[in-house]
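Here is the structure we will look at, set down as C-alpha coordinates.
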Amino acid sequence: MTFPIAGVNIAPTYLIVVGFIVGVLGGFFGVGGSFLAGPALFAAGVPMNFVVGTDLAHIVGKSIVAARKHRTLGNIDIKLGAIMVVGTITGVEAGAQIVQWLKRAARVDSVVGPTFIVALLGIAGFMTWEAVSTLREQRKQRGQKDRAAKTHPSRRDHSAMEFISRAVHRISLPPHVSLPVSGIASISVWAILLVAFVGGVFSGFLGGGAGYIRMPCLIYLLGIPTHIAVGTDLFEIVISASYGTVTHALKGNVDILIALVMHTGAAIGAQLGATLTQYFAGARIRMAFIPLPLIGAGLMLHSLLSGHPAK
Amino acid sequence: MKKTAKFSFNLFVLELLVYAGLITVYYLLVLHFLGPGLQDVYEHKRHLYAGLALGLIVGQGFLLEVLTRVLLIWMKPLTKDR
(Lines give C-alpha, C1' and ligand atoms only; values in the text may rest on other atoms or scores of the structure.)
Protein backbone atom coordinates (compact mmCIF):
# COMPACT_ATOMS: atom_id res chain seq x y z
CA MET A 1 0.00 0.00 0.00
CA THR A 2 1.35 3.44 -0.94
CA PHE A 3 1.29 6.23 1.60
CA PRO A 4 1.49 9.38 -0.53
CA ILE A 5 2.23 11.93 2.22
CA ALA A 6 5.47 10.27 3.38
CA GLY A 7 6.03 8.84 -0.12
CA VAL A 8 6.64 5.25 1.04
CA ASN A 9 5.28 1.81 0.18
CA ILE A 10 4.57 -0.37 3.23
CA ALA A 11 2.49 -3.53 3.71
CA PRO A 12 -0.49 -2.69 5.98
CA THR A 13 -0.09 -6.03 7.83
CA TYR A 14 3.42 -4.96 8.90
CA LEU A 15 2.02 -1.74 10.35
CA ILE A 16 -0.84 -3.61 12.08
CA VAL A 17 1.55 -6.13 13.69
CA VAL A 18 3.87 -3.34 14.90
CA GLY A 19 0.82 -1.45 16.19
CA PHE A 20 -0.50 -4.55 17.96
CA ILE A 21 2.79 -5.22 19.81
CA VAL A 22 3.15 -1.59 20.84
CA GLY A 23 -0.56 -1.56 21.81
CA VAL A 24 -0.12 -4.49 24.21
CA LEU A 25 2.90 -2.73 25.78
CA GLY A 26 0.92 0.48 26.16
CA GLY A 27 -2.11 -1.18 27.72
CA PHE A 28 -0.05 -3.29 30.10
CA PHE A 29 2.77 -0.94 31.16
CA GLY A 30 1.34 2.49 30.42
CA VAL A 31 4.14 3.40 28.01
CA GLY A 32 3.89 4.75 24.47
CA GLY A 33 6.37 2.22 23.08
CA SER A 34 8.07 4.76 20.82
CA PHE A 35 11.45 3.08 21.43
CA LEU A 36 10.11 0.07 19.50
CA ALA A 37 7.65 1.69 17.04
CA GLY A 38 10.14 4.35 15.90
CA PRO A 39 12.89 1.95 14.75
CA ALA A 40 10.19 -0.33 13.18
CA LEU A 41 8.90 2.55 11.03
CA PHE A 42 12.43 3.63 10.17
CA ALA A 43 13.27 0.06 9.10
CA ALA A 44 10.22 0.10 6.78
CA GLY A 45 11.66 3.08 4.92
CA VAL A 46 9.79 5.96 6.59
CA PRO A 47 11.95 9.14 6.69
CA MET A 48 13.14 10.03 10.22
CA ASN A 49 11.17 13.29 10.49
CA PHE A 50 7.96 11.36 9.65
CA VAL A 51 8.93 8.58 12.11
CA VAL A 52 8.92 11.01 15.06
CA GLY A 53 5.71 12.86 14.10
CA THR A 54 3.71 9.83 12.89
CA ASP A 55 4.64 7.79 15.97
CA LEU A 56 3.33 10.59 18.19
CA ALA A 57 0.04 10.68 16.25
CA HIS A 58 -0.41 6.91 16.55
CA ILE A 59 0.35 7.14 20.30
CA VAL A 60 -2.59 9.58 20.74
CA GLY A 61 -5.18 7.17 19.29
CA LYS A 62 -3.78 4.14 21.10
CA SER A 63 -3.41 5.86 24.47
CA ILE A 64 -6.99 7.17 24.32
CA VAL A 65 -8.29 3.61 23.94
CA ALA A 66 -6.03 2.26 26.71
CA ALA A 67 -6.73 5.24 29.00
CA ARG A 68 -10.48 4.77 28.65
CA LYS A 69 -10.10 1.08 29.42
CA HIS A 70 -8.06 1.92 32.53
CA ARG A 71 -10.67 4.49 33.53
CA THR A 72 -13.42 1.88 33.48
CA LEU A 73 -11.16 -0.31 35.65
CA GLY A 74 -10.74 2.61 38.09
CA ASN A 75 -7.00 2.95 37.35
CA ILE A 76 -6.89 6.71 36.61
CA ASP A 77 -6.55 9.39 39.28
CA ILE A 78 -8.23 12.27 37.41
CA LYS A 79 -7.28 14.87 40.06
CA LEU A 80 -3.61 13.86 39.89
CA GLY A 81 -3.72 13.80 36.07
CA ALA A 82 -5.27 17.28 35.89
CA ILE A 83 -2.52 18.77 38.09
CA MET A 84 0.17 16.96 36.11
CA VAL A 85 -1.04 18.36 32.75
CA VAL A 86 0.38 21.81 33.65
CA GLY A 87 3.83 20.39 34.41
CA THR A 88 3.77 18.02 31.41
CA ILE A 89 3.02 20.69 28.79
CA THR A 90 5.63 23.06 30.28
CA GLY A 91 8.15 20.22 30.32
CA VAL A 92 7.47 19.17 26.70
CA GLU A 93 8.07 22.73 25.53
CA ALA A 94 11.25 23.02 27.65
CA GLY A 95 12.55 19.72 26.22
CA ALA A 96 11.80 20.84 22.64
CA GLN A 97 13.60 24.13 23.28
CA ILE A 98 16.69 22.22 24.55
CA VAL A 99 16.67 20.20 21.29
CA GLN A 100 16.40 23.43 19.25
CA TRP A 101 19.35 24.89 21.17
CA LEU A 102 21.41 21.72 20.59
CA LYS A 103 20.47 21.80 16.89
CA ARG A 104 21.83 25.33 16.61
CA ALA A 105 25.02 24.16 18.36
CA ALA A 106 25.14 21.11 16.00
CA ARG A 107 25.36 18.74 18.98
CA VAL A 108 21.93 17.11 18.93
CA ASP A 109 23.05 13.57 18.00
CA SER A 110 26.06 13.52 20.31
CA VAL A 111 23.98 14.65 23.31
CA VAL A 112 20.49 13.13 22.82
CA GLY A 113 21.63 9.57 21.94
CA PRO A 114 23.98 8.97 24.89
CA THR A 115 21.51 10.71 27.29
CA PHE A 116 18.79 8.32 26.12
CA ILE A 117 21.02 5.27 26.72
CA VAL A 118 22.14 6.42 30.18
CA ALA A 119 18.53 7.22 31.22
CA LEU A 120 17.17 3.87 30.03
CA LEU A 121 19.99 1.82 31.60
CA GLY A 122 19.56 3.70 34.87
CA ILE A 123 15.80 3.04 34.92
CA ALA A 124 16.23 -0.68 34.11
CA GLY A 125 18.91 -1.10 36.81
CA PHE A 126 16.90 0.68 39.47
CA MET A 127 13.66 -1.17 38.67
CA THR A 128 15.43 -4.56 38.69
CA TRP A 129 16.89 -3.88 42.12
CA GLU A 130 13.56 -2.61 43.49
CA ALA A 131 11.38 -5.39 42.06
CA VAL A 132 13.77 -8.13 43.28
CA SER A 133 13.86 -6.57 46.79
CA THR A 134 10.06 -6.30 46.88
CA LEU A 135 9.48 -9.87 45.69
CA ARG A 136 12.03 -11.16 48.25
CA GLU A 137 10.24 -9.24 50.99
CA GLN A 138 6.87 -10.62 49.88
CA ARG A 139 8.24 -14.17 49.86
CA LYS A 140 9.39 -13.73 53.48
CA GLN A 141 5.93 -12.57 54.50
CA ARG A 142 4.12 -15.38 52.65
CA GLY A 143 4.24 -17.66 55.72
CA GLN A 144 2.33 -15.15 57.82
CA LYS A 145 -1.42 -15.09 57.38
CA ASP A 146 -2.28 -11.44 56.78
CA ARG A 147 -5.26 -9.65 55.34
CA ALA A 148 -3.51 -8.78 52.09
CA ALA A 149 -3.38 -12.45 51.15
CA LYS A 150 -7.17 -12.48 50.81
CA THR A 151 -7.33 -9.55 48.41
CA HIS A 152 -7.16 -9.78 44.59
CA PRO A 153 -3.54 -10.11 43.29
CA SER A 154 -3.86 -6.92 41.22
CA ARG A 155 -4.62 -4.90 44.37
CA ARG A 156 -1.68 -6.21 46.47
CA ASP A 157 0.94 -3.56 45.77
CA HIS A 158 3.97 -3.08 48.02
CA SER A 159 7.26 -1.41 47.22
CA ALA A 160 10.64 -1.77 48.92
CA MET A 161 11.17 1.93 48.18
CA GLU A 162 8.22 3.27 50.18
CA PHE A 163 10.53 5.35 52.42
CA ILE A 164 11.23 7.66 49.43
CA SER A 165 7.55 8.39 48.77
CA ARG A 166 6.94 8.86 52.52
CA ALA A 167 9.70 11.51 52.54
CA VAL A 168 8.11 13.23 49.50
CA HIS A 169 4.71 13.22 51.28
CA ARG A 170 6.33 15.04 54.22
CA ILE A 171 7.44 18.01 52.05
CA SER A 172 5.72 20.97 53.69
CA LEU A 173 5.79 23.42 50.72
CA PRO A 174 2.15 24.65 50.23
CA PRO A 175 -0.34 24.24 48.62
CA HIS A 176 -1.16 20.62 49.51
CA VAL A 177 -3.78 18.33 47.97
CA SER A 178 -5.27 15.00 48.93
CA LEU A 179 -5.48 12.19 46.37
CA PRO A 180 -8.13 9.77 47.68
CA VAL A 181 -8.08 7.58 44.55
CA SER A 182 -4.33 6.97 45.06
CA GLY A 183 -4.71 6.66 48.84
CA ILE A 184 -2.61 9.77 49.60
CA ALA A 185 -3.87 11.98 52.45
CA SER A 186 -1.71 15.01 51.68
CA ILE A 187 1.03 15.90 49.18
CA SER A 188 2.62 19.15 47.99
CA VAL A 189 1.38 20.25 44.55
CA TRP A 190 4.98 21.20 43.71
CA ALA A 191 6.13 17.59 44.06
CA ILE A 192 3.47 16.51 41.52
CA LEU A 193 4.33 19.37 39.15
CA LEU A 194 8.05 18.55 39.34
CA VAL A 195 7.46 14.90 38.42
CA ALA A 196 5.18 15.94 35.53
CA PHE A 197 7.72 18.54 34.36
CA VAL A 198 10.57 15.99 34.34
CA GLY A 199 8.40 13.54 32.33
CA GLY A 200 7.51 16.36 29.91
CA VAL A 201 11.16 17.35 29.45
CA PHE A 202 12.06 13.74 28.59
CA SER A 203 9.14 13.62 26.11
CA GLY A 204 10.16 16.87 24.40
CA PHE A 205 13.89 16.07 24.52
CA LEU A 206 13.93 12.36 23.58
CA GLY A 207 10.56 11.98 21.80
CA GLY A 208 7.61 9.65 22.48
CA GLY A 209 5.34 9.71 25.50
CA ALA A 210 8.17 9.29 28.09
CA GLY A 211 6.14 6.76 30.10
CA TYR A 212 9.43 4.96 30.86
CA ILE A 213 10.46 7.84 33.15
CA ARG A 214 7.03 9.10 34.34
CA MET A 215 5.72 5.73 35.53
CA PRO A 216 8.71 4.95 37.85
CA CYS A 217 8.57 8.55 39.18
CA LEU A 218 4.85 8.20 39.98
CA ILE A 219 5.41 4.90 41.79
CA TYR A 220 8.63 5.55 43.69
CA LEU A 221 8.61 9.32 44.26
CA LEU A 222 4.90 10.07 44.69
CA GLY A 223 3.92 6.66 46.10
CA ILE A 224 1.09 6.08 43.59
CA PRO A 225 -0.08 2.42 43.45
CA THR A 226 1.25 0.72 40.28
CA HIS A 227 -2.17 0.24 38.66
CA ILE A 228 -3.13 3.88 39.20
CA ALA A 229 0.33 4.97 37.96
CA VAL A 230 -0.12 3.00 34.71
CA GLY A 231 -3.57 4.52 34.04
CA THR A 232 -2.62 8.08 35.01
CA ASP A 233 0.59 7.86 32.98
CA LEU A 234 -1.50 6.94 29.91
CA PHE A 235 -3.68 9.98 30.54
CA GLU A 236 -0.53 12.18 30.55
CA ILE A 237 0.76 10.50 27.37
CA VAL A 238 -2.50 11.46 25.60
CA ILE A 239 -1.86 15.12 26.54
CA SER A 240 1.85 15.26 25.61
CA ALA A 241 1.43 13.24 22.39
CA SER A 242 -1.55 15.39 21.25
CA TYR A 243 0.55 18.51 21.73
CA GLY A 244 3.44 16.85 19.87
CA THR A 245 1.17 15.68 17.01
CA VAL A 246 -0.14 19.19 16.30
CA THR A 247 3.35 20.75 16.47
CA HIS A 248 4.87 18.12 14.17
CA ALA A 249 1.89 18.17 11.75
CA LEU A 250 2.35 21.93 11.36
CA LYS A 251 6.01 21.25 10.48
CA GLY A 252 4.93 18.60 7.92
CA ASN A 253 6.25 15.62 9.90
CA VAL A 254 3.05 13.55 10.26
CA ASP A 255 1.69 10.96 7.79
CA ILE A 256 -1.70 10.45 9.38
CA LEU A 257 -2.59 7.55 7.05
CA ILE A 258 0.31 5.47 8.42
CA ALA A 259 -0.73 6.40 11.95
CA LEU A 260 -4.36 5.36 11.27
CA VAL A 261 -3.36 1.94 9.91
CA MET A 262 -0.92 1.30 12.78
CA HIS A 263 -3.58 2.33 15.24
CA THR A 264 -6.04 -0.34 14.07
CA GLY A 265 -3.62 -2.99 15.38
CA ALA A 266 -2.77 -0.95 18.46
CA ALA A 267 -6.43 -0.55 19.46
CA ILE A 268 -6.99 -4.26 20.01
CA GLY A 269 -3.50 -4.73 21.51
CA ALA A 270 -4.22 -2.00 24.06
CA GLN A 271 -7.45 -3.76 25.10
CA LEU A 272 -5.52 -6.98 25.68
CA GLY A 273 -2.70 -5.22 27.57
CA ALA A 274 -5.06 -3.34 29.90
CA THR A 275 -7.02 -6.53 30.67
CA LEU A 276 -3.78 -8.40 31.48
CA THR A 277 -2.96 -5.94 34.32
CA GLN A 278 -5.85 -7.47 36.30
CA TYR A 279 -4.03 -10.81 36.53
CA PHE A 280 -0.67 -9.60 37.85
CA ALA A 281 0.43 -8.02 41.14
CA GLY A 282 2.27 -4.65 41.08
CA ALA A 283 5.81 -5.99 41.62
CA ARG A 284 5.40 -8.50 38.79
CA ILE A 285 4.24 -5.78 36.36
CA ARG A 286 7.34 -3.75 37.31
CA MET A 287 9.54 -6.84 36.81
CA ALA A 288 8.10 -7.44 33.31
CA PHE A 289 8.74 -3.76 32.45
CA ILE A 290 12.53 -4.13 32.94
CA PRO A 291 13.49 -5.50 29.47
CA LEU A 292 11.74 -2.58 27.68
CA PRO A 293 14.23 0.18 28.56
CA LEU A 294 17.05 -2.30 27.84
CA ILE A 295 15.65 -2.98 24.33
CA GLY A 296 15.39 0.77 23.76
CA ALA A 297 18.97 1.31 24.93
CA GLY A 298 20.19 -1.51 22.67
CA LEU A 299 18.39 -0.10 19.63
CA MET A 300 19.79 3.37 20.28
CA LEU A 301 23.33 2.07 20.79
CA HIS A 302 23.11 0.04 17.59
CA SER A 303 21.83 3.06 15.65
CA LEU A 304 24.56 5.33 17.01
CA LEU A 305 27.28 2.81 16.21
CA SER A 306 25.94 2.11 12.72
CA GLY A 307 25.60 5.82 12.01
CA HIS A 308 21.77 6.03 11.86
CA PRO A 309 19.66 8.28 14.06
CA ALA A 310 17.34 6.02 16.07
CA LYS A 311 14.81 8.45 17.45
CA MET B 1 -10.51 -20.06 37.07
CA LYS B 2 -9.35 -22.16 34.11
CA LYS B 3 -12.85 -22.00 32.63
CA THR B 4 -12.88 -18.21 32.92
CA ALA B 5 -9.45 -17.92 31.26
CA LYS B 6 -10.54 -20.22 28.40
CA PHE B 7 -13.76 -18.23 27.96
CA SER B 8 -11.79 -14.92 27.80
CA PHE B 9 -9.33 -16.38 25.29
CA ASN B 10 -12.14 -17.70 23.02
CA LEU B 11 -13.81 -14.32 23.20
CA PHE B 12 -10.57 -12.58 22.31
CA VAL B 13 -9.90 -14.84 19.28
CA LEU B 14 -13.46 -14.37 18.03
CA GLU B 15 -13.15 -10.61 18.51
CA LEU B 16 -9.86 -10.66 16.60
CA LEU B 17 -11.45 -12.48 13.62
CA VAL B 18 -14.44 -10.15 13.37
CA TYR B 19 -12.12 -7.19 13.83
CA ALA B 20 -9.82 -8.37 10.99
CA GLY B 21 -12.78 -8.53 8.58
CA LEU B 22 -13.96 -5.07 9.52
CA ILE B 23 -10.47 -3.61 9.16
CA THR B 24 -10.12 -5.05 5.64
CA VAL B 25 -13.35 -3.29 4.63
CA TYR B 26 -12.03 -0.14 6.33
CA TYR B 27 -8.85 -0.15 4.18
CA LEU B 28 -10.73 -0.65 0.95
CA LEU B 29 -13.39 1.96 1.58
CA VAL B 30 -11.98 4.68 3.83
CA LEU B 31 -8.19 4.91 3.29
CA HIS B 32 -8.45 4.47 -0.50
CA PHE B 33 -10.71 7.52 -0.77
CA LEU B 34 -9.18 9.51 2.11
CA GLY B 35 -5.57 9.38 0.82
CA PRO B 36 -5.64 11.80 -2.14
CA GLY B 37 -7.80 14.35 -0.29
CA LEU B 38 -5.53 14.36 2.76
CA GLN B 39 -2.43 14.73 0.60
CA ASP B 40 -3.94 17.82 -1.00
CA VAL B 41 -4.73 19.35 2.41
CA TYR B 42 -1.21 18.44 3.64
CA GLU B 43 0.37 20.29 0.74
CA HIS B 44 -1.81 23.41 0.70
CA LYS B 45 -3.44 23.93 4.13
CA ARG B 46 -1.03 22.81 6.85
CA HIS B 47 -3.08 24.24 9.78
CA LEU B 48 -6.18 22.38 8.60
CA TYR B 49 -4.08 19.23 8.17
CA ALA B 50 -2.78 19.48 11.76
CA GLY B 51 -6.35 19.75 13.07
CA LEU B 52 -7.56 16.94 10.81
CA ALA B 53 -4.67 14.67 11.83
CA LEU B 54 -5.48 15.02 15.53
CA GLY B 55 -9.23 14.79 14.90
CA LEU B 56 -8.93 11.65 12.76
CA ILE B 57 -6.72 9.73 15.16
CA VAL B 58 -8.81 10.72 18.20
CA GLY B 59 -12.01 9.90 16.29
CA GLN B 60 -10.69 6.51 15.22
CA GLY B 61 -9.59 5.83 18.81
CA PHE B 62 -13.11 6.37 20.13
CA LEU B 63 -14.75 4.62 17.16
CA LEU B 64 -12.67 1.45 17.59
CA GLU B 65 -13.28 1.46 21.33
CA VAL B 66 -17.06 1.63 20.79
CA LEU B 67 -16.78 -1.05 18.11
CA THR B 68 -14.83 -3.36 20.44
CA ARG B 69 -17.36 -2.85 23.23
CA VAL B 70 -20.30 -3.58 20.89
CA LEU B 71 -18.49 -6.69 19.59
CA LEU B 72 -17.95 -7.96 23.13
CA ILE B 73 -21.63 -7.47 24.01
CA TRP B 74 -22.68 -9.19 20.78
CA MET B 75 -20.26 -12.12 21.16
CA LYS B 76 -20.77 -12.96 24.85
CA PRO B 77 -24.06 -14.87 24.29
CA LEU B 78 -22.47 -16.68 21.30
CA THR B 79 -19.53 -18.00 23.34
CA LYS B 80 -21.81 -19.00 26.25
CA ASP B 81 -23.93 -21.12 23.88
CA ARG B 82 -20.91 -23.26 22.96
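Residues in the C-alpha coordinates are numbered from 1 in each chain, the chains being A, B, ... in the order shown, and ligands are numbered from 1 in the order shown.
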Considering only C-alpha atoms, tabulate each residue of chain A that lies at most 9 Å from chain B along with its nearest interatomic pair and the corresponding distance in Å to one decimal; arrange the rows by chain and ascending residue number and present them as JSON lines.
```
{"residue": "A:Phe3", "atom": "CA", "partner": "B:Gly35", "partner_atom": "CA", "distance": 7.6}
{"residue": "A:Pro4", "atom": "CA", "partner": "B:Gln39", "partner_atom": "CA", "distance": 6.7}
{"residue": "A:Ile5", "atom": "CA", "partner": "B:Gln39", "partner_atom": "CA", "distance": 5.7}
{"residue": "A:Pro12", "atom": "CA", "partner": "B:Tyr27", "partner_atom": "CA", "distance": 8.9}
{"residue": "A:Ala57", "atom": "CA", "partner": "B:Ile57", "partner_atom": "CA", "distance": 6.9}
{"residue": "A:His58", "atom": "CA", "partner": "B:Ile57", "partner_atom": "CA", "distance": 7.0}
{"residue": "A:Val60", "atom": "CA", "partner": "B:Val58", "partner_atom": "CA", "distance": 6.8}
{"residue": "A:Gly61", "atom": "CA", "partner": "B:Gly61", "partner_atom": "CA", "distance": 4.6}
{"residue": "A:Lys62", "atom": "CA", "partner": "B:Gly61", "partner_atom": "CA", "distance": 6.5}
{"residue": "A:Ser63", "atom": "CA", "partner": "B:Gly61", "partner_atom": "CA", "distance": 8.4}
{"residue": "A:Ile64", "atom": "CA", "partner": "B:Gly61", "partner_atom": "CA", "distance": 6.2}
{"residue": "A:Val65", "atom": "CA", "partner": "B:Gly61", "partner_atom": "CA", "distance": 5.7}
{"residue": "A:Arg68", "atom": "CA", "partner": "B:Glu65", "partner_atom": "CA", "distance": 8.5}
{"residue": "A:Lys69", "atom": "CA", "partner": "B:Glu65", "partner_atom": "CA", "distance": 8.7}
{"residue": "A:Ser242", "atom": "CA", "partner": "B:Leu54", "partner_atom": "CA", "distance": 7.0}
{"residue": "A:Thr245", "atom": "CA", "partner": "B:Leu54", "partner_atom": "CA", "distance": 6.8}
{"residue": "A:Val246", "atom": "CA", "partner": "B:Ala50", "partner_atom": "CA", "distance": 5.3}
{"residue": "A:Thr247", "atom": "CA", "partner": "B:Ala50", "partner_atom": "CA", "distance": 7.8}
{"residue": "A:His248", "atom": "CA", "partner": "B:Ala50", "partner_atom": "CA", "distance": 8.1}
{"residue": "A:Ala249", "atom": "CA", "partner": "B:Ala50", "partner_atom": "CA", "distance": 4.8}
{"residue": "A:Leu250", "atom": "CA", "partner": "B:Ala50", "partner_atom": "CA", "distance": 5.7}
{"residue": "A:Lys251", "atom": "CA", "partner": "B:Arg46", "partner_atom": "CA", "distance": 8.1}
{"residue": "A:Gly252", "atom": "CA", "partner": "B:Arg46", "partner_atom": "CA", "distance": 7.4}
{"residue": "A:Val254", "atom": "CA", "partner": "B:Ala53", "partner_atom": "CA", "distance": 8.0}
{"residue": "A:Asp255", "atom": "CA", "partner": "B:Ala53", "partner_atom": "CA", "distance": 8.4}
{"residue": "A:Ile256", "atom": "CA", "partner": "B:Ala53", "partner_atom": "CA", "distance": 5.7}
{"residue": "A:Leu257", "atom": "CA", "partner": "B:Gly35", "partner_atom": "CA", "distance": 7.1}
{"residue": "A:Ala259", "atom": "CA", "partner": "B:Ile57", "partner_atom": "CA", "distance": 7.6}
{"residue": "A:Leu260", "atom": "CA", "partner": "B:Ile57", "partner_atom": "CA", "distance": 6.3}
{"residue": "A:Val261", "atom": "CA", "partner": "B:Tyr27", "partner_atom": "CA", "distance": 8.2}
{"residue": "A:His263", "atom": "CA", "partner": "B:Gly61", "partner_atom": "CA", "distance": 7.8}
{"residue": "A:Thr264", "atom": "CA", "partner": "B:Ile23", "partner_atom": "CA", "distance": 7.4}
{"residue": "A:Ala267", "atom": "CA", "partner": "B:Leu64", "partner_atom": "CA", "distance": 6.8}
{"residue": "A:Ile268", "atom": "CA", "partner": "B:Leu16", "partner_atom": "CA", "distance": 7.8}
{"residue": "A:Gln271", "atom": "CA", "partner": "B:Glu65", "partner_atom": "CA", "distance": 8.7}
{"residue": "A:Leu272", "atom": "CA", "partner": "B:Phe12", "partner_atom": "CA", "distance": 8.3}
```
Item to complete: Compile the contact shell of A:Arg170 as a PyMOL selection string: residues with an atom at most 9 Å away, counting only C-alpha atoms, same-chain residues fewer than 5 positions apart removed.
Response: chain A and resi 165+186-188
Fill in: Shell of 9 Å around A:Leu292, only C-alpha atoms, local chain residues under 4 positions omitted, as a PyMOL selection string
chain A and resi 33+35-36+120+124+212+288+296-297
Item to complete: Mind checking which residues fall within 7 Å of stretch 199-204 of chain A, counting only C-alpha atoms, ignoring those fewer than 5 positions away in the same chain, and posting them as an MDAnalysis selection string?
Response: chainID A and resid 88:96 209:210 213:214
Worksheet entry | Å distance separating atom CA of A:Leu56 from atom CA of A:Val181, one decimal place |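 Answer for the atom CA of A:Leu56 to atom CA of A:Val181 separation: 28.9 Å.
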